[in-house]
Each structure stands twice: as structure tokens, then as C-alpha cells.
Amino acid sequence: MTMNGKLKLVGLAALGALLLTGTGAYALEGEGSVAQTQKENNDRIIAIQHYGGLRKSTGEVTVTYYGSSAFKVTSPRGVEVFIDPWRNDPTGVWGIWYQMDLPITTADIAVITHAHFDHDAYNRLRAAMILDRMSGTFELGDVKVIGIAEKHVCVPQGKYSYRAAIINLIHEDPCEPTDTMQWDNTLFVIETGGLRFLVWGDNRQNPPQDVWDRVGNIDVAFLAVSDDGHILSPHWTDVVAQKMNAKVVIPCHYAVKGINVPGAGGVESADKWVMSHEHKILDSAATTFTPDSVKGMKQFVVYFGGHVPFPVSGPPKPDTTNPQVPDPVNAWERFKN
């Protein structure tokens, strides 16, 4: 073997070792694309672009809640769109918000509204494609996605001084004109099954009129409302829902028992807001919509509460036993000679 060949082998071995180490694993799983680690492929996508879908139309759109702001929307022809998967902050700056990881989930398309850890957990998805903060129009099968570039909320009207906390912690103002890319947010309109779904993400309360013109009338709106007003306060949720003439409002970005760390990020449930509106509390993690099922509704609230399609970890059980007192250790004796 030549010296050049030996060097190539050494280089490949070093690369393999890097990929197997904790550092390499973090580089693959912690940040950036993780597609190279996944065992799935794009066969479903090829079938959708060839046949227009994966099944005959059921006439229904299924919405499944995954906690936080995460949903899966399944079109009548079986195309799966996953919205805003969540994770804990990989930098550690914001502490631990979730008691568990979002279970690995498959989807055909992922849409990410903005670059915050509670919305952009690419490593928890097995998605054939990711529309990250996309503006413009995308179509596949019986799904059309419209992305509208907008801005993250910077002054919520809730319990906590959000803007001041941001400036104090990371020395960055989330408001225009000095906002950085993490404060960009994309509104997504998903059209399928004769319905228009609006994904709000963490958008500001009062976008300009041209944004409302692009949004238009909405059948089902996913709005980030919790009783503490972490993103949209109860008042502003009503304003936003009315502005888009939403027939149905589905709350999200609220605390779910067993998923969220209690009190982390100041996020509470949306129970009080829900109860103040005409509503239906679901008893499962999934529900379906058709144009007929929402006909005549006006800001009707559909609430998943704590229902998700996977077991939640729950808080650790307290140890009620009295632990045994350990025997004393004379640590200094290890130096005896």
C-alpha cells in the first residue's frame, strides 16, 4: 500500500471515530440537518407527486396535537404536514422547559415558523422535507402551503415583562428595527380538503394590513394562547381570531401536564380562556374537520387540553421513605503510607 493510501485510510478512520463520539453525535443530532442519520426515504413523496396522494380522498382533514405548538395535519389524501416540533434549548440559556423529548415522529412535510427551540426540533422529525420560515407558495398532492414573512411578538400583554427579560438576559431587543433573525416569524396558511388552516407560530399581535390581506379568511386557526399571555394574551387572541374571521380556534403554546416543566417560561394552561368562549373540549389527541363541520361557526374553540398521541412522563414521584443515613467515611485515610 502506498503512503497516500495509508493516509486516506487514516483519514476515513478518524472521520468514522468522530461520527461515533459524543461530539460527533451532538453535531449530527444537536444542530443542523439530521437527514443523513435517518433510515426513511422519500418514496412517499415520489408517490404523492406521481398519484396526487397516498390514498383515495376521505373528505376529511385530521388534526393531531403533539403538545406545545406542535400539530400534524393530515390531508384527505394522506399527505402529512407537521408543525413546529419542540425541544429543550440546546444552549442551556433558557433552562429546561420540557420534562421529556418529543417522540420521534414521521411526516411528509415539516413547517417551522421560527428559529426558537420550542418550535424547530428538526432532530425529532423524520420528515422528507422541511419548509423552514418559508415565504411564498409550495404545493404537493392535495396540500398547498402559503408562507407569509412576518415578525415574532416582542411585547406580549401578559403577566411578565417579556421584552425587558430578553434585553437583560441576552442583550438583544426583540423589537424592530434592531431585531435579529430569531425574531422573524412566518405565518403559514395550509390549504387542503377545501379548508384554510392558519399557523400563527409566535407572531406579533398587530401585523400590518397587507399581511391580513394575504391571510384572508381562515377556517381553522392555531393560535398561541395561554392564560398567562406568554405569546398572545386572551384579549389579543380574540382580536386576532376576529380579524381573520376564524370559524374555529385551536389553542396551542400552553402548558401540558407531564410535558412542560411547571412554571418554566411562565407558560400556563389555556383553561380559563377556553371556558370563557363557546367551546368543545376533546377527549383524544386527534379530531377531523370538513367544510360542512365548520360551516356557520364563529371563533368556536376546539381544545385538546392535555391529550397527545404518546405517553407523557409526568413529574417524578416523591420518595416518601426515610433514607438510611450513610456511614461516616474517613476520606483522609487514603493517604496512609
# chains A, B, ... in the order shown; residues from 1 in each chain; ligands from 1
$ select_by_dssp --residues "region 135-262 of chain A" --states "alpha helix (DSSP H)" --output "list in words"
Tyr162, Arg163, Ala164, Ala165, Ile166, Ile167, Asn168, Leu169, Ile170, Gln209, Asp210, Val211, Trp212, Asp213, Arg214, Val215, Pro234, His235, Trp236, Thr237, Asp238, Val239, Val240, Ala241, Gln242 and Lys243 of chain A
$ write_last_selection --atoms "C-alpha atoms" --output "PDB file, in the first residue's frame"
ATOM      1  CA  TYR A 162     -41.009  39.708  28.276  1.00  0.00           C
ATOM      2  CA  ARG A 163     -39.112  42.391  26.346  1.00  0.00           C
ATOM      3  CA  ALA A 164     -37.193  43.569  29.413  1.00  0.00           C
ATOM      4  CA  ALA A 165     -36.265  39.980  30.294  1.00  0.00           C
ATOM      5  CA  ILE A 166     -34.901  39.365  26.790  1.00  0.00           C
ATOM      6  CA  ILE A 167     -32.816  42.530  26.819  1.00  0.00           C
ATOM      7  CA  ASN A 168     -31.480  41.764  30.291  1.00  0.00           C
ATOM      8  CA  LEU A 169     -30.589  38.144  29.541  1.00  0.00           C
ATOM      9  CA  ILE A 170     -29.164  38.200  26.011  1.00  0.00           C
ATOM     10  CA  GLN A 209     -52.852  45.343   6.832  1.00  0.00           C
ATOM     11  CA  ASP A 210     -51.108  43.821   3.821  1.00  0.00           C
ATOM     12  CA  VAL A 211     -50.374  40.731   5.965  1.00  0.00           C
ATOM     13  CA  TRP A 212     -54.044  40.405   6.901  1.00  0.00           C
ATOM     14  CA  ASP A 213     -54.902  40.730   3.206  1.00  0.00           C
ATOM     15  CA  ARG A 214     -52.584  37.799   2.439  1.00  0.00           C
ATOM     16  CA  VAL A 215     -54.012  35.718   5.287  1.00  0.00           C
ATOM     17  CA  PRO A 234     -56.526  36.273  25.988  1.00  0.00           C
ATOM     18  CA  HIS A 235     -57.599  39.718  24.742  1.00  0.00           C
ATOM     19  CA  TRP A 236     -55.293  39.718  21.727  1.00  0.00           C
ATOM     20  CA  THR A 237     -56.259  36.160  20.815  1.00  0.00           C
ATOM     21  CA  ASP A 238     -59.837  37.343  20.407  1.00  0.00           C
ATOM     22  CA  VAL A 239     -58.710  40.323  18.319  1.00  0.00           C
ATOM     23  CA  VAL A 240     -56.598  38.127  16.013  1.00  0.00           C
ATOM     24  CA  ALA A 241     -59.299  35.459  15.616  1.00  0.00           C
ATOM     25  CA  GLN A 242     -61.904  38.072  14.720  1.00  0.00           C
ATOM     26  CA  LYS A 243     -59.556  39.837  12.308  1.00  0.00           C
TER      27      LYS A 243
END
$ residues_around --residues "region 284-288 of chain A" --least-positions-apart "5" --cutoff "12 Å" --atoms "only C-alpha atoms" --output "ChimeraX atom specification"
/A:58-67,70-76,193,195,220,250,293-294,302-311
$ atom_distance --atom1 "CA of His119 (chain A)" --atom2 "CA of Ala221 (chain A)"
17.0 Å
$ select_by_dssp --residues "region 69-305 of chain A" --states "strand (DSSP E)" --output "JSON, numbers by chain"
{"A": [71, 72, 73, 74, 80, 81, 82, 83, 105, 106, 107, 108, 109, 110, 111, 112, 125, 126, 127, 128, 129, 130, 131, 132, 136, 137, 138, 139, 140, 143, 144, 145, 146, 147, 148, 149, 150, 151, 184, 185, 186, 187, 188, 189, 190, 191, 192, 195, 196, 197, 198, 199, 220, 221, 222, 223, 224, 248, 249, 250, 251, 252, 279, 280, 281, 286, 287, 288, 289, 300, 301, 302, 303]}
$ closest_atom_pairs --of "region 173-206 of chain A" --to "region 94-111 of chain A" --cutoff "10 Å" --atoms "only C-alpha atoms" --output "JSON lines"
{"residue": "A:Thr186", "atom": "CA", "partner": "A:Val111", "partner_atom": "CA", "distance": 9.4}
{"residue": "A:Phe188", "atom": "CA", "partner": "A:Val111", "partner_atom": "CA", "distance": 8.0}
{"residue": "A:Ile190", "atom": "CA", "partner": "A:Val111", "partner_atom": "CA", "distance": 10.0}
{"residue": "A:Val199", "atom": "CA", "partner": "A:Val111", "partner_atom": "CA", "distance": 9.3}
$ residues_around --residues "Arg77 (chain A)" --least-positions-apart "3" --cutoff "8 Å" --atoms "only C-alpha atoms" --output "list in words"
Gly52, Gly53, Leu54, Arg55, Lys56, Ser57, Thr58, Thr74, Gly141 and Asp142 of chain A
$ write_last_selection --atoms "N, CA and C atoms" --output "PDB file, in the first residue's frame"
ATOM      1  N   GLY A  52     -50.756  12.122  -6.828  1.00  0.00           N
ATOM      2  CA  GLY A  52     -51.542  13.202  -6.238  1.00  0.00           C
ATOM      3  C   GLY A  52     -51.909  12.959  -4.792  1.00  0.00           C
ATOM      4  N   GLY A  53     -51.494  11.830  -4.232  1.00  0.00           N
ATOM      5  CA  GLY A  53     -51.791  11.485  -2.844  1.00  0.00           C
ATOM      6  C   GLY A  53     -51.407  10.049  -2.573  1.00  0.00           C
ATOM      7  N   LEU A  54     -51.681   9.606  -1.362  1.00  0.00           N
ATOM      8  CA  LEU A  54     -51.315   8.247  -0.964  1.00  0.00           C
ATOM      9  C   LEU A  54     -52.519   7.329  -0.803  1.00  0.00           C
ATOM     10  N   ARG A  55     -53.712   7.886  -0.997  1.00  0.00           N
ATOM     11  CA  ARG A  55     -54.941   7.106  -0.850  1.00  0.00           C
ATOM     12  C   ARG A  55     -56.060   7.859  -1.548  1.00  0.00           C
ATOM     13  N   LYS A  56     -57.186   7.230  -1.685  1.00  0.00           N
ATOM     14  CA  LYS A  56     -58.363   7.935  -2.155  1.00  0.00           C
ATOM     15  C   LYS A  56     -58.799   8.923  -1.074  1.00  0.00           C
ATOM     16  N   SER A  57     -59.398  10.020  -1.483  1.00  0.00           N
ATOM     17  CA  SER A  57     -59.764  11.060  -0.533  1.00  0.00           C
ATOM     18  C   SER A  57     -60.796  10.572   0.470  1.00  0.00           C
ATOM     19  N   THR A  58     -60.532  10.874   1.757  1.00  0.00           N
ATOM     20  CA  THR A  58     -61.510  10.576   2.810  1.00  0.00           C
ATOM     21  C   THR A  58     -62.514  11.706   2.966  1.00  0.00           C
ATOM     22  N   THR A  74     -53.159  16.051   8.539  1.00  0.00           N
ATOM     23  CA  THR A  74     -53.171  15.004   7.512  1.00  0.00           C
ATOM     24  C   THR A  74     -54.284  15.297   6.518  1.00  0.00           C
ATOM     25  N   GLY A 141     -49.337  17.267  -3.913  1.00  0.00           N
ATOM     26  CA  GLY A 141     -50.566  16.499  -3.766  1.00  0.00           C
ATOM     27  C   GLY A 141     -51.755  17.412  -3.564  1.00  0.00           C
ATOM     28  N   ASP A 142     -52.548  17.109  -2.522  1.00  0.00           N
ATOM     29  CA  ASP A 142     -53.723  17.935  -2.243  1.00  0.00           C
ATOM     30  C   ASP A 142     -53.453  18.960  -1.142  1.00  0.00           C
TER      31      ASP A 142
END
$ decode --residues "region 164-276 of chain A" --atoms "C-alpha atoms" --output "mmCIF file, in the first residue's frame"
data_model
loop_
_atom_site.group_PDB
_atom_site.id
_atom_site.type_symbol
_atom_site.label_atom_id
_atom_site.label_comp_id
_atom_site.auth_asym_id
_atom_site.auth_seq_id
_atom_site.Cartn_x
_atom_site.Cartn_y
_atom_site.Cartn_z
ATOM 1 C CA ALA A 164 -37.193 43.569 29.413
ATOM 2 C CA ALA A 165 -36.265 39.980 30.294
ATOM 3 C CA ILE A 166 -34.901 39.365 26.790
ATOM 4 C CA ILE A 167 -32.816 42.530 26.819
ATOM 5 C CA ASN A 168 -31.480 41.764 30.291
ATOM 6 C CA LEU A 169 -30.589 38.144 29.541
ATOM 7 C CA ILE A 170 -29.164 38.200 26.011
ATOM 8 C CA HIS A 171 -28.680 41.958 25.486
ATOM 9 C CA GLU A 172 -30.840 41.913 22.375
ATOM 10 C CA ASP A 173 -34.031 43.846 21.687
ATOM 11 C CA PRO A 174 -36.668 41.575 20.087
ATOM 12 C CA CYS A 175 -38.495 44.581 18.604
ATOM 13 C CA GLU A 176 -37.899 46.281 15.276
ATOM 14 C CA PRO A 177 -35.722 47.726 13.843
ATOM 15 C CA THR A 178 -32.786 46.053 15.629
ATOM 16 C CA ASP A 179 -34.337 42.582 15.827
ATOM 17 C CA THR A 180 -32.251 39.645 14.598
ATOM 18 C CA MET A 181 -33.279 36.557 12.651
ATOM 19 C CA GLN A 182 -34.542 34.643 15.689
ATOM 20 C CA TRP A 183 -37.291 37.254 15.933
ATOM 21 C CA ASP A 184 -38.507 36.600 12.397
ATOM 22 C CA ASN A 185 -41.706 34.549 12.188
ATOM 23 C CA THR A 186 -43.572 33.040 9.269
ATOM 24 C CA LEU A 187 -47.341 32.755 9.186
ATOM 25 C CA PHE A 188 -48.379 29.625 7.301
ATOM 26 C CA VAL A 189 -51.704 29.125 5.565
ATOM 27 C CA ILE A 190 -52.268 25.450 4.785
ATOM 28 C CA GLU A 191 -54.995 24.773 2.225
ATOM 29 C CA THR A 192 -56.336 21.233 1.954
ATOM 30 C CA GLY A 193 -59.685 19.466 1.886
ATOM 31 C CA GLY A 194 -61.496 22.667 0.999
ATOM 32 C CA LEU A 195 -60.308 24.296 4.245
ATOM 33 C CA ARG A 196 -57.799 27.009 5.131
ATOM 34 C CA PHE A 197 -55.706 26.476 8.273
ATOM 35 C CA LEU A 198 -53.646 29.317 9.773
ATOM 36 C CA VAL A 199 -50.449 28.550 11.699
ATOM 37 C CA TRP A 200 -49.706 31.602 13.846
ATOM 38 C CA GLY A 201 -46.445 30.490 15.452
ATOM 39 C CA ASP A 202 -45.305 33.231 17.859
ATOM 40 C CA ASN A 203 -46.323 36.128 15.649
ATOM 41 C CA ARG A 204 -46.852 39.675 16.899
ATOM 42 C CA GLN A 205 -50.389 40.756 17.676
ATOM 43 C CA ASN A 206 -50.716 43.571 15.144
ATOM 44 C CA PRO A 207 -49.188 42.816 11.739
ATOM 45 C CA PRO A 208 -49.763 45.434 9.023
ATOM 46 C CA GLN A 209 -52.852 45.343 6.832
ATOM 47 C CA ASP A 210 -51.108 43.821 3.821
ATOM 48 C CA VAL A 211 -50.374 40.731 5.965
ATOM 49 C CA TRP A 212 -54.044 40.405 6.901
ATOM 50 C CA ASP A 213 -54.902 40.730 3.206
ATOM 51 C CA ARG A 214 -52.584 37.799 2.439
ATOM 52 C CA VAL A 215 -54.012 35.718 5.287
ATOM 53 C CA GLY A 216 -57.631 36.288 4.234
ATOM 54 C CA ASN A 217 -60.495 34.388 5.829
ATOM 55 C CA ILE A 218 -59.498 31.323 7.843
ATOM 56 C CA ASP A 219 -61.476 28.206 8.697
ATOM 57 C CA VAL A 220 -59.238 26.845 11.480
ATOM 58 C CA ALA A 221 -56.592 28.923 13.300
ATOM 59 C CA PHE A 222 -53.842 27.524 15.541
ATOM 60 C CA LEU A 223 -53.284 30.401 17.980
ATOM 61 C CA ALA A 224 -50.649 30.643 20.734
ATOM 62 C CA VAL A 225 -52.872 31.485 23.704
ATOM 63 C CA SER A 226 -52.337 30.692 27.368
ATOM 64 C CA ASP A 227 -53.874 32.241 30.462
ATOM 65 C CA ASP A 228 -50.583 33.962 31.344
ATOM 66 C CA GLY A 229 -50.384 35.647 27.911
ATOM 67 C CA HIS A 230 -46.909 34.291 27.155
ATOM 68 C CA ILE A 231 -47.395 34.969 23.419
ATOM 69 C CA LEU A 232 -50.975 36.061 22.714
ATOM 70 C CA SER A 233 -52.886 37.358 25.705
ATOM 71 C CA PRO A 234 -56.526 36.273 25.988
ATOM 72 C CA HIS A 235 -57.599 39.718 24.742
ATOM 73 C CA TRP A 236 -55.293 39.718 21.727
ATOM 74 C CA THR A 237 -56.259 36.160 20.815
ATOM 75 C CA ASP A 238 -59.837 37.343 20.407
ATOM 76 C CA VAL A 239 -58.710 40.323 18.319
ATOM 77 C CA VAL A 240 -56.598 38.127 16.013
ATOM 78 C CA ALA A 241 -59.299 35.459 15.616
ATOM 79 C CA GLN A 242 -61.904 38.072 14.720
ATOM 80 C CA LYS A 243 -59.556 39.837 12.308
ATOM 81 C CA MET A 244 -59.202 36.665 10.191
ATOM 82 C CA ASN A 245 -62.855 35.648 10.623
ATOM 83 C CA ALA A 246 -61.726 32.316 12.042
ATOM 84 C CA LYS A 247 -64.508 29.792 12.258
ATOM 85 C CA VAL A 248 -62.565 27.569 14.659
ATOM 86 C CA VAL A 249 -59.710 28.438 17.037
ATOM 87 C CA ILE A 250 -57.385 25.729 18.359
ATOM 88 C CA PRO A 251 -55.238 26.934 21.289
ATOM 89 C CA CYS A 252 -51.571 25.969 21.476
ATOM 90 C CA HIS A 253 -48.354 27.035 23.215
ATOM 91 C CA TYR A 254 -49.900 26.364 26.623
ATOM 92 C CA ALA A 255 -48.605 24.129 29.423
ATOM 93 C CA VAL A 256 -49.425 20.415 29.198
ATOM 94 C CA LYS A 257 -49.109 18.387 32.396
ATOM 95 C CA GLY A 258 -46.373 15.780 32.061
ATOM 96 C CA ILE A 259 -44.719 17.559 29.113
ATOM 97 C CA ASN A 260 -43.961 21.088 30.318
ATOM 98 C CA VAL A 261 -41.907 21.720 33.431
ATOM 99 C CA PRO A 262 -44.368 23.520 35.739
ATOM 100 C CA GLY A 263 -43.710 27.262 35.654
ATOM 101 C CA ALA A 264 -40.902 27.061 33.085
ATOM 102 C CA GLY A 265 -41.033 30.015 30.717
ATOM 103 C CA GLY A 266 -44.059 31.328 32.593
ATOM 104 C CA VAL A 267 -46.351 29.175 30.463
ATOM 105 C CA GLU A 268 -49.721 28.207 31.952
ATOM 106 C CA SER A 269 -52.714 26.302 30.607
ATOM 107 C CA ALA A 270 -55.399 27.938 28.456
ATOM 108 C CA ASP A 271 -58.275 26.597 30.576
ATOM 109 C CA LYS A 272 -59.692 29.949 31.721
ATOM 110 C CA TRP A 273 -59.640 31.439 28.235
ATOM 111 C CA VAL A 274 -61.283 28.353 26.760
ATOM 112 C CA MET A 275 -64.066 28.352 29.350
ATOM 113 C CA SER A 276 -64.901 31.982 28.533
#
